[in-house]
file model05.txt (compact mmCIF, C-alpha atoms)
# COMPACT_ATOMS: atom_id res chain seq x y z
CA MET A 325 -21.93 12.44 21.05
CA ALA A 326 -18.15 12.92 20.66
CA ARG A 327 -16.21 11.58 23.65
CA HIS A 328 -12.95 13.29 24.65
CA LEU A 329 -11.57 13.61 21.13
CA PRO A 330 -9.80 16.66 19.64
CA PRO A 331 -11.44 18.34 16.63
CA LEU A 332 -10.80 16.53 13.36
CA ARG A 333 -8.53 19.20 11.84
CA GLU A 334 -6.51 19.31 15.05
CA MET A 335 -5.98 15.56 14.85
CA ILE A 336 -4.80 15.83 11.25
CA ARG A 337 -2.34 18.55 12.24
CA ALA A 338 -1.01 16.48 15.12
CA LEU A 339 -0.52 13.37 12.95
CA ILE A 340 1.28 15.26 10.19
CA ALA A 341 3.52 16.93 12.80
CA ARG A 342 4.89 13.54 13.88
CA PRO A 343 7.36 12.30 11.23
CA SER A 344 7.10 8.58 10.46
CA VAL A 345 9.03 8.07 7.24
CA SER A 346 9.69 4.49 6.24
CA CYS A 347 12.38 3.81 3.69
CA THR A 348 14.54 0.95 2.47
CA ASP A 349 17.51 3.29 2.98
CA PRO A 350 18.26 3.29 6.74
CA ARG A 351 19.49 6.88 6.51
CA PHE A 352 15.91 8.06 6.04
CA ASP A 353 13.99 5.38 7.95
CA GLU A 354 12.18 6.48 11.12
CA SER A 355 10.05 4.94 13.84
CA ASN A 356 6.27 5.33 13.69
CA ARG A 357 5.79 5.02 17.44
CA ALA A 358 4.94 8.69 17.95
CA VAL A 359 1.97 8.27 15.60
CA ILE A 360 0.96 4.91 17.07
CA ASP A 361 1.07 6.24 20.65
CA LEU A 362 -1.05 9.25 19.71
CA LEU A 363 -3.66 7.06 17.99
CA ALA A 364 -3.67 4.76 21.01
CA GLU A 365 -4.37 7.72 23.30
CA TRP A 366 -7.29 8.91 21.17
CA ALA A 367 -8.71 5.41 20.73
CA GLU A 368 -8.59 4.74 24.48
CA ALA A 369 -10.43 8.01 25.07
CA LEU A 370 -13.27 6.61 22.95
CA GLY A 371 -13.34 3.36 24.92
CA PHE A 372 -11.40 1.19 22.47
CA ARG A 373 -9.43 -1.73 23.87
CA VAL A 374 -5.93 -1.01 22.60
CA ALA A 375 -3.11 -3.41 21.80
CA ILE A 376 0.25 -2.25 20.46
CA GLN A 377 2.22 -4.86 18.52
CA PRO A 378 5.98 -4.13 18.63
CA LEU A 379 7.93 -4.70 15.41
CA ALA A 380 11.60 -4.49 14.47
CA HIS A 381 13.54 -1.21 14.33
CA GLY A 382 11.30 0.57 16.84
CA LYS A 383 8.18 0.23 14.71
CA ALA A 384 4.74 -0.93 15.86
CA ASN A 385 1.19 -1.77 14.80
CA LEU A 386 -1.94 -0.66 16.64
CA ILE A 387 -4.99 -2.90 16.92
CA ALA A 388 -7.88 -1.24 18.76
CA SER A 389 -11.34 -2.76 19.21
CA LEU A 390 -14.67 -1.39 20.34
CA GLY A 391 -17.83 -3.32 21.05
CA PRO A 392 -18.43 -6.97 21.92
CA ALA A 393 -15.15 -8.89 21.60
CA GLU A 394 -16.84 -12.28 21.77
CA CYS A 395 -18.94 -11.77 18.64
CA GLY A 396 -17.91 -12.64 15.11
CA GLY A 397 -18.46 -10.44 12.10
CA GLY A 398 -17.75 -6.76 12.54
CA LEU A 399 -15.61 -4.33 10.61
CA ALA A 400 -11.96 -3.27 10.56
CA LEU A 401 -10.95 0.21 9.42
CA SER A 402 -7.28 0.06 8.52
CA GLY A 403 -4.48 2.28 7.32
CA HIS A 404 -0.72 2.71 7.42
CA THR A 405 0.95 5.25 9.67
CA ASP A 406 4.14 5.74 7.66
CA THR A 407 4.93 8.09 4.80
CA VAL A 408 7.50 8.12 2.05
CA PRO A 409 10.54 10.42 2.33
CA CYS A 410 10.12 13.92 0.94
CA ASP A 411 12.15 16.78 -0.53
CA PRO A 412 11.37 19.75 1.77
CA ASP A 413 13.08 22.20 -0.59
CA ARG A 414 10.49 21.38 -3.27
CA TRP A 415 7.52 22.09 -0.99
CA HIS A 416 5.92 25.51 -0.68
CA SER A 417 5.37 24.90 3.03
CA ASP A 418 6.79 22.75 5.83
CA PRO A 419 5.85 19.12 4.98
CA PHE A 420 5.40 18.40 8.69
CA MET A 421 3.06 21.31 9.32
CA ALA A 422 -0.55 21.02 8.15
CA ILE A 423 -1.46 24.17 6.19
CA GLU A 424 -5.03 24.98 5.12
CA LYS A 425 -5.16 26.93 1.87
CA ASP A 426 -7.39 27.06 -1.21
CA GLY A 427 -9.77 24.42 0.12
CA ARG A 428 -7.00 21.94 0.89
CA ILE A 429 -4.93 20.64 3.80
CA TYR A 430 -1.28 20.44 2.75
CA GLY A 431 1.24 18.22 4.52
CA LEU A 432 3.16 14.97 4.21
CA GLY A 433 0.64 12.18 4.78
CA SER A 434 -2.40 14.44 4.41
CA ALA A 435 -3.73 12.19 1.64
CA ASP A 436 -1.51 9.11 1.99
CA MET A 437 -2.79 8.48 4.57
CA LYS A 438 -2.67 9.93 8.08
CA SER A 439 -5.88 11.91 7.70
CA PHE A 440 -7.79 8.64 7.42
CA PHE A 441 -7.26 7.94 11.12
CA ALA A 442 -8.73 11.30 12.09
CA LEU A 443 -11.74 10.59 9.87
CA ALA A 444 -12.21 7.07 11.27
CA LEU A 445 -11.95 8.18 14.90
CA THR A 446 -14.35 11.07 14.28
CA ALA A 447 -16.86 8.65 12.72
CA ALA A 448 -16.47 6.30 15.70
CA SER A 449 -16.85 9.14 18.22
CA ASP A 450 -20.45 9.76 17.13
CA ILE A 451 -21.49 6.21 18.04
CA ASP A 452 -22.52 4.89 21.45
CA PRO A 453 -20.37 1.78 22.12
CA ALA A 454 -23.41 0.17 23.74
CA ALA A 455 -25.12 0.24 20.35
CA LEU A 456 -22.47 -1.97 18.74
CA HIS A 457 -23.69 -5.53 18.18
CA ARG A 458 -20.51 -6.46 16.30
CA PRO A 459 -16.93 -5.29 16.98
CA LEU A 460 -15.34 -2.27 15.32
CA LEU A 461 -11.57 -2.47 14.85
CA LEU A 462 -9.12 0.30 14.10
CA VAL A 463 -5.88 -1.06 12.66
CA ALA A 464 -2.78 1.10 12.13
CA THR A 465 0.26 -0.49 10.51
CA ALA A 466 3.93 0.25 9.97
CA ASP A 467 6.14 0.22 6.88
CA GLU A 468 3.54 -0.03 4.13
CA GLU A 469 5.67 2.30 2.03
CA SER A 470 8.76 0.10 2.25
CA SER A 471 8.35 -3.57 3.21
CA MET A 472 4.72 -4.17 4.23
CA ALA A 473 6.21 -5.51 7.48
CA GLY A 474 3.31 -4.21 9.55
CA ALA A 475 0.58 -5.90 7.53
CA LYS A 476 2.56 -9.13 7.34
CA ALA A 477 2.94 -9.17 11.13
CA LEU A 478 -0.79 -9.07 11.86
CA LEU A 479 -1.93 -12.29 13.48
CA PRO A 480 -5.26 -13.81 12.50
CA VAL A 481 -6.32 -14.20 16.13
CA GLN A 482 -5.93 -10.47 16.72
CA LEU A 483 -8.27 -9.62 13.85
CA ALA A 484 -10.58 -12.61 14.27
CA PRO A 485 -13.66 -10.58 15.34
CA ALA A 486 -13.70 -8.64 12.06
CA ARG A 487 -14.81 -10.28 8.84
CA ARG A 488 -14.67 -7.19 6.64
CA CYS A 489 -12.02 -4.53 6.18
CA VAL A 490 -11.97 -1.10 4.56
CA ILE A 491 -8.51 0.33 3.91
CA GLY A 492 -8.57 4.11 3.73
CA GLU A 493 -5.98 4.74 1.01
CA PRO A 494 -6.71 7.80 -1.15
CA THR A 495 -9.10 6.66 -3.90
CA GLY A 496 -11.06 9.85 -4.56
CA LEU A 497 -13.89 8.43 -2.41
CA LYS A 498 -14.43 5.61 -4.92
CA PRO A 499 -14.35 1.96 -3.81
CA ILE A 500 -11.55 -0.19 -5.20
CA ARG A 501 -11.98 -3.97 -5.30
CA MET A 502 -8.94 -4.88 -7.42
CA HIS A 503 -5.35 -3.79 -7.76
CA LYS A 504 -2.21 -5.08 -9.40
CA GLY A 505 0.60 -6.71 -7.50
CA VAL A 506 4.09 -5.27 -7.08
CA MET A 507 7.35 -7.12 -7.67
CA MET A 508 10.82 -5.59 -7.67
CA GLU A 509 13.71 -7.77 -8.77
CA SER A 510 17.47 -7.23 -9.01
CA ILE A 511 19.37 -8.86 -11.88
CA ARG A 512 23.17 -8.96 -11.61
CA VAL A 513 25.73 -10.00 -14.20
CA ARG A 514 29.33 -10.51 -13.18
CA GLY A 515 31.88 -10.63 -15.99
CA GLN A 516 35.59 -9.98 -16.05
CA ALA A 517 37.23 -6.54 -16.10
CA GLY A 518 40.14 -5.90 -18.40
CA HIS A 519 41.79 -3.37 -20.70
CA SER A 520 39.42 -2.21 -23.40
CA SER A 521 42.13 -2.40 -26.07
CA ASP A 522 41.85 -6.22 -26.07
CA PRO A 523 38.33 -7.69 -25.62
CA THR A 524 39.80 -11.15 -25.03
CA LEU A 525 41.17 -9.95 -21.68
CA GLY A 526 37.71 -9.80 -20.11
CA ALA A 527 33.99 -10.47 -20.36
CA ASN A 528 31.82 -7.36 -20.67
CA ALA A 529 28.98 -7.51 -18.15
CA ILE A 530 27.08 -4.79 -20.02
CA GLU A 531 27.03 -6.98 -23.11
CA GLY A 532 25.77 -9.86 -20.97
CA MET A 533 23.04 -7.63 -19.55
CA HIS A 534 22.10 -6.64 -23.10
CA ARG A 535 21.13 -10.25 -23.76
CA LEU A 536 19.03 -10.31 -20.60
CA ILE A 537 17.24 -7.07 -21.42
CA SER A 538 16.31 -8.46 -24.82
CA GLU A 539 14.85 -11.54 -23.11
CA LEU A 540 12.96 -9.42 -20.58
CA LEU A 541 11.30 -7.49 -23.38
CA VAL A 542 10.21 -10.77 -24.96
CA ILE A 543 8.83 -11.95 -21.61
CA ARG A 544 6.93 -8.68 -21.21
CA GLU A 545 5.36 -9.04 -24.64
CA GLU A 546 4.34 -12.63 -23.94
CA LEU A 547 2.77 -11.75 -20.57
CA GLN A 548 0.82 -8.86 -22.11
CA GLU A 549 -0.48 -11.10 -24.88
CA ARG A 550 -1.56 -13.76 -22.37
CA TYR A 551 -3.05 -11.63 -19.58
CA ARG A 552 -5.53 -8.76 -19.92
CA ASN A 553 -8.14 -7.22 -17.62
CA PRO A 554 -10.21 -4.33 -19.06
CA ALA A 555 -11.15 -3.13 -15.55
CA PHE A 556 -7.70 -1.52 -15.28
CA ALA A 557 -6.70 1.72 -17.01
CA VAL A 558 -3.55 -0.14 -18.08
CA PRO A 559 -5.22 -3.49 -18.80
CA VAL A 560 -2.05 -5.60 -19.04
CA PRO A 561 0.77 -6.51 -16.65
CA THR A 562 3.69 -4.11 -16.89
CA LEU A 563 7.43 -4.70 -16.66
CA ASN A 564 9.61 -1.63 -16.21
CA LEU A 565 13.39 -1.49 -16.59
CA GLY A 566 13.84 0.91 -13.71
CA ALA A 567 17.55 1.34 -12.97
CA ILE A 568 20.82 0.09 -14.38
CA ARG A 569 24.34 0.42 -13.04
CA GLY A 570 27.56 -0.91 -14.53
CA GLY A 571 31.09 -0.02 -15.44
CA ASP A 572 33.29 2.84 -14.34
CA ASN A 573 35.43 4.03 -17.25
CA PRO A 574 35.33 3.93 -21.06
CA ASN A 575 38.72 2.23 -21.31
CA ARG A 576 37.85 -0.65 -18.98
CA ILE A 577 35.84 -3.74 -19.86
CA CYS A 578 32.83 -3.66 -17.54
CA GLY A 579 33.12 -6.35 -14.90
CA GLN A 580 29.72 -5.97 -13.19
CA CYS A 581 26.27 -4.73 -14.19
CA GLU A 582 23.01 -4.61 -12.23
CA LEU A 583 19.46 -4.01 -13.47
CA SER A 584 16.44 -3.37 -11.24
CA ILE A 585 12.99 -4.08 -12.65
CA ASP A 586 9.43 -3.47 -11.50
CA LEU A 587 6.72 -5.97 -12.50
CA ARG A 588 3.02 -5.33 -11.87
CA PRO A 589 0.99 -8.56 -12.23
CA LEU A 590 -2.78 -8.65 -12.66
CA PRO A 591 -5.10 -10.54 -10.30
CA GLY A 592 -4.78 -14.23 -11.10
CA MET A 593 -1.02 -14.05 -11.73
CA ASP A 594 1.07 -15.74 -9.04
CA THR A 595 4.19 -13.84 -7.94
CA GLU A 596 6.27 -16.94 -7.18
CA GLU A 597 5.47 -18.43 -10.56
CA LEU A 598 6.57 -15.18 -12.18
CA ARG A 599 9.84 -15.19 -10.23
CA ASN A 600 10.55 -18.75 -11.31
CA LEU A 601 9.75 -17.86 -14.91
CA LEU A 602 12.18 -14.94 -14.82
CA LYS A 603 14.98 -17.03 -13.35
CA GLN A 604 14.54 -19.88 -15.84
CA ARG A 605 14.29 -17.68 -18.90
CA LEU A 606 17.20 -15.43 -17.95
CA ALA A 607 19.39 -18.42 -17.13
CA ARG A 608 18.75 -19.77 -20.61
CA ALA A 609 19.53 -16.38 -22.15
CA LEU A 610 22.87 -16.15 -20.30
CA PRO A 611 24.05 -19.67 -19.44
CA ALA A 612 26.47 -20.01 -16.56
CA SER A 613 30.04 -20.08 -17.82
CA PRO A 614 33.54 -19.07 -16.75
CA ARG A 615 32.85 -15.74 -18.47
CA PHE A 616 29.59 -14.74 -16.79
CA GLU A 617 27.81 -15.24 -13.48
CA LEU A 618 24.10 -14.43 -13.16
CA SER A 619 22.00 -13.81 -10.05
CA VAL A 620 18.33 -12.85 -9.80
CA ASP A 621 17.08 -11.71 -6.39
CA SER A 622 13.95 -10.05 -5.02
CA LEU A 623 14.39 -6.55 -3.62
CA PHE A 624 11.47 -7.30 -1.27
CA ASP A 625 8.87 -10.03 -0.84
CA GLY A 626 6.45 -8.21 -3.09
CA VAL A 627 2.75 -7.40 -2.87
CA PRO A 628 0.32 -9.90 -4.37
CA ALA A 629 -2.39 -8.74 -6.72
CA PHE A 630 -5.74 -8.19 -4.98
CA GLU A 631 -9.34 -8.88 -5.94
CA THR A 632 -12.65 -8.98 -4.10
CA ARG A 633 -15.69 -10.28 -5.97
CA ALA A 634 -17.88 -7.66 -7.62
CA ASP A 635 -20.97 -9.12 -5.92
CA ALA A 636 -19.42 -9.23 -2.43
CA GLY A 637 -21.57 -7.61 0.22
CA LEU A 638 -18.90 -5.11 1.27
CA VAL A 639 -18.34 -4.04 -2.33
CA ARG A 640 -22.07 -3.44 -2.81
CA CYS A 641 -22.30 -1.54 0.48
CA CYS A 642 -19.35 0.71 -0.39
CA GLU A 643 -20.85 1.40 -3.82
CA HIS A 644 -24.14 2.29 -2.16
CA LEU A 645 -22.56 4.66 0.36
CA SER A 646 -20.15 6.32 -2.07
CA HIS A 647 -22.54 6.44 -5.06
CA ALA A 648 -19.72 5.10 -7.22
CA ARG A 649 -19.02 1.81 -8.95
CA ALA A 650 -16.12 -0.21 -7.58
CA GLY A 651 -13.06 -0.11 -9.79
CA ALA A 652 -9.45 -1.17 -10.13
CA VAL A 653 -6.10 0.61 -9.68
CA SER A 654 -2.51 -0.15 -10.59
CA PHE A 655 -0.91 0.81 -7.26
CA GLY A 656 -0.47 -1.70 -4.45
CA THR A 657 -1.95 -1.64 -0.94
CA GLU A 658 -2.13 -3.85 2.15
CA ALA A 659 -5.45 -5.29 0.92
CA PRO A 660 -4.14 -8.72 -0.16
CA PHE A 661 -2.75 -9.34 3.33
CA PHE A 662 -6.14 -8.67 4.91
CA SER A 663 -7.75 -10.91 2.29
CA ARG A 664 -5.38 -13.68 3.37
CA LEU A 665 -6.76 -13.30 6.89
CA GLY A 666 -10.15 -14.25 5.49
CA MET A 667 -11.53 -10.72 5.44
CA GLU A 668 -13.70 -9.30 2.68
CA THR A 669 -11.71 -6.18 1.76
CA VAL A 670 -12.27 -2.92 -0.12
CA VAL A 671 -9.96 0.08 -0.52
CA LEU A 672 -11.79 3.40 -0.12
CA GLY A 673 -10.63 6.76 1.16
CA ALA A 674 -10.45 10.53 0.85
CA GLY A 675 -7.88 12.29 -1.29
CA TYR A 676 -6.29 11.30 -4.57
CA ILE A 677 -3.42 8.90 -5.20
CA GLU A 678 -2.10 11.40 -7.76
CA GLN A 679 -1.17 13.68 -4.84
CA ALA A 680 0.66 10.94 -2.94
CA HIS A 681 4.48 10.89 -2.94
CA GLN A 682 4.52 14.40 -4.44
CA PRO A 683 5.66 17.79 -3.15
CA ASP A 684 2.73 19.78 -1.75
CA GLU A 685 0.65 16.68 -1.05
CA TYR A 686 -2.85 17.69 -0.01
CA LEU A 687 -6.26 16.49 1.14
CA PRO A 688 -9.29 18.31 -0.34
CA LEU A 689 -11.38 19.78 2.45
CA ASP A 690 -14.56 18.88 0.60
CA HIS A 691 -13.68 15.19 1.01
CA ILE A 692 -13.86 15.34 4.80
CA GLU A 693 -17.63 15.35 5.24
CA PRO A 694 -18.47 12.64 2.66
CA ALA A 695 -15.60 10.44 3.82
CA THR A 696 -16.77 10.64 7.43
CA ALA A 697 -20.34 9.91 6.33
CA ILE A 698 -19.20 6.81 4.43
CA LEU A 699 -17.31 5.53 7.47
CA ARG A 700 -20.31 6.17 9.71
CA GLY A 701 -22.48 4.28 7.24
CA LEU A 702 -20.10 1.32 7.24
CA ILE A 703 -20.04 1.18 11.04
CA GLU A 704 -23.83 1.37 11.11
CA ARG A 705 -24.19 -1.39 8.53
CA TYR A 706 -21.69 -3.90 9.93
CA CYS A 707 -21.46 -3.13 13.64
CA ILE A 708 -24.80 -1.66 14.71
CA ARG A 709 -27.33 -3.36 12.42
CA PRO A 710 -25.41 -6.33 11.05
CA VAL A 711 -28.50 -8.22 9.82
CA PRO A 712 -28.29 -8.41 5.99
CA ALA A 713 -30.55 -5.91 4.31
CA PRO A 714 -31.20 -5.26 0.62
CA LEU A 715 -29.65 -2.18 -0.93
CA THR A 716 -32.38 -0.35 -2.79
CA GLU A 717 -30.49 2.69 -4.02
CA ASP A 718 -28.72 2.57 -7.36
CA ALA A 719 -24.98 2.51 -6.68
CA SER A 720 -24.30 4.63 -9.72
CA GLY A 721 -25.77 7.55 -7.79

call {"tool": "encode", "arguments": {"input": "model05.txt", "output": "structure tokens"}}
result
Amino acid sequence: MARHLPPLREMIRALIARPSVSCTDPRFDESNRAVIDLLAEWAEALGFRVAIQPLAHGKANLIASLGPAECGGGLALSGHTDTVPCDPDRWHSDPFMAIEKDGRIYGLGSADMKSFFALALTAASDIDPAALHRPLLLVATADEESSMAGAKALLPVQLAPARRCVIGEPTGLKPIRMHKGVMMESIRVRGQAGHSSDPTLGANAIEGMHRLISELLVIREELQERYRNPAFAVPVPTLNLGAIRGGDNPNRICGQCELSIDLRPLPGMDTEELRNLLKQRLARALPASPRFELSVDSLFDGVPAFETRADAGLVRCCEHLSHARAGAVSFGTEAPFFSRLGMETVVLGAGYIEQAHQPDEYLPLDHIEPATAILRGLIERYCIRPVPAPLTEDASG
């Protein structure tokens, strides 16, 4: 029986109506506290024990638990409360107003991923807390779209009761047990400006960067020859030359040039080893000299690649409930941080990643019922009847 909780669609509308953009550019960055406080209110109404973890810049995490706190095991349902920035002029409706049309709910965060919290709370509202033999946690984080600061700030002791975690990112209701990592690096070359009529007056930073780009393409080819995983649609690590800035006028020798790259490693590739490889190889390609200075810096700490074993119990359970085989995706999530806390982790949620970060983002209405059913099934399996039981139904559905 539902306990003091607004209807699901009303919760989705309320969450979308509270802006919580996170961005590396402080001009667009916003607090997520309005969303966190609303989730805390709803969770408390269901009997959850609520803890709010303050973070920098007015941000916060929410960690809410229901059921016996002293028991091990249990399940965490987790998601991020922030969204990316948007371009309102490219939307056909107000991004901060949930609009139902053509079998969809439109709004910023409808798929990625505010609706997940409404689905999780609705699933929890149908369960008598007295029936829980293992704890159920609801975790809401900050800044997934920018720095992963929320996930990094979670303390093991606060999540200790849960041994399994499902992250409700939009996966088309298919379980994901692997994803690539995310690295973003800045490469800067400083030369010497001068009059273009006499090249000896300066050192052209663009020409120096040309050497580095050639080396990066060699590194990319070597990594793709060495590493391959057929579970991914793009089965090799990728290295993208994303942005380049340098020079100011045709008649001036360019004194500074900066290149930003994106590298997506496969599971099994260590991010720190990759950073060291980049620095060593680029330093050899452009040795330090009076003419050029080279610096290679990380734009953020990065997201490690993620993998949960194919035969893990949570993977098998999610396959059983979703009638879909667990797969792999190229986008990053908070999953590796929960794995580091010792939690068996799967990514599974309503909506499609293809709609995320796009104008007119939407959640299909026909995902609501099956998504809620999957979450109820997970709570039943890990919190109400946690004794291991064989799965008899073919996961292929």

call {"tool": "closest_residue", "arguments": {"input": "model05.txt", "among": "A:Ala444, A:Ala477, A:Pro683, A:Tyr706", "to": "Ser417 in chain A", "atoms": "all atoms listed in the file"}}
result
A:Pro683

call {"tool": "closest_atom_pairs", "arguments": {"input": "model05.txt", "of": "range 332-405 of chain A", "to": "range 685-692 of chain A", "cutoff": "12 Å", "atoms": "all atoms listed in the file", "output": "CSV"}}
result
residue,atom,partner,partner_atom,distance
A:Leu332,CA,A:Ile692,CA,9.2
A:Arg333,CA,A:Ile692,CA,9.6
A:Ile336,CA,A:Leu687,CA,10.2
A:Arg337,CA,A:Leu687,CA,12.0
A:Ile340,CA,A:Tyr686,CA,11.3

call {"tool": "residues_around", "arguments": {"input": "model05.txt", "residues": "Val627 in chain A", "least_positions_apart": "2", "cutoff": "7 Å", "atoms": "all atoms listed in the file", "output": "number ranges by chain"}}
result
A: 505-507, 625, 629, 656

call {"tool": "residues_around", "arguments": {"input": "model05.txt", "residues": "range 482-487 of chain A", "least_positions_apart": "6", "cutoff": "10 Å", "atoms": "all atoms listed in the file", "output": "ChimeraX atom specification"}}
result
/A:375,387-389,392-401,458-463,662-663,665-669,706-707

call {"tool": "write_last_selection", "arguments": {"input": "model05.txt", "atoms": "C-alpha atoms", "output": "CSV table (one decimal), keeping the file's coordinate frame"}}
result
chain,number,residue,atom,x,y,z
A,375,ALA,CA,-3.1,-3.4,21.8
A,387,ILE,CA,-5.0,-2.9,16.9
A,388,ALA,CA,-7.9,-1.2,18.8
A,389,SER,CA,-11.3,-2.8,19.2
A,392,PRO,CA,-18.4,-7.0,21.9
A,393,ALA,CA,-15.2,-8.9,21.6
A,394,GLU,CA,-16.8,-12.3,21.8
A,395,CYS,CA,-18.9,-11.8,18.6
A,396,GLY,CA,-17.9,-12.6,15.1
A,397,GLY,CA,-18.5,-10.4,12.1
A,398,GLY,CA,-17.8,-6.8,12.5
A,399,LEU,CA,-15.6,-4.3,10.6
A,400,ALA,CA,-12.0,-3.3,10.6
A,401,LEU,CA,-11.0,0.2,9.4
A,458,ARG,CA,-20.5,-6.5,16.3
A,459,PRO,CA,-16.9,-5.3,17.0
A,460,LEU,CA,-15.3,-2.3,15.3
A,461,LEU,CA,-11.6,-2.5,14.8
A,462,LEU,CA,-9.1,0.3,14.1
A,463,VAL,CA,-5.9,-1.1,12.7
A,662,PHE,CA,-6.1,-8.7,4.9
A,663,SER,CA,-7.8,-10.9,2.3
A,665,LEU,CA,-6.8,-13.3,6.9
A,666,GLY,CA,-10.2,-14.2,5.5
A,667,MET,CA,-11.5,-10.7,5.4
A,668,GLU,CA,-13.7,-9.3,2.7
A,669,THR,CA,-11.7,-6.2,1.8
A,706,TYR,CA,-21.7,-3.9,9.9
A,707,CYS,CA,-21.5,-3.1,13.6

call {"tool": "closest_atom_pairs", "arguments": {"input": "model05.txt", "of": "range 525-551 of chain A", "to": "range 585-600 of chain A", "cutoff": "12 Å", "atoms": "all atoms listed in the file", "output": "CSV"}}
result
residue,atom,partner,partner_atom,distance
A:Leu536,CA,A:Ile585,CA,11.8
A:Ile537,CA,A:Ile585,CA,10.2
A:Leu540,CA,A:Ile585,CA,9.6
A:Leu541,CA,A:Ile585,CA,11.4
A:Ile543,CA,A:Leu598,CA,10.2
A:Arg544,CA,A:Leu587,CA,9.1
A:Leu547,CA,A:Pro589,CA,9.1
A:Gln548,CA,A:Pro589,CA,9.9
A:Arg550,CA,A:Met593,CA,10.7
A:Tyr551,CA,A:Leu590,CA,7.5

call {"tool": "closest_residue", "arguments": {"input": "model05.txt", "among": "A:Gly570, A:Gly433, A:Pro480, A:Pro378", "to": "Glu531 in chain A", "atoms": "all atoms listed in the file"}}
result
A:Gly570
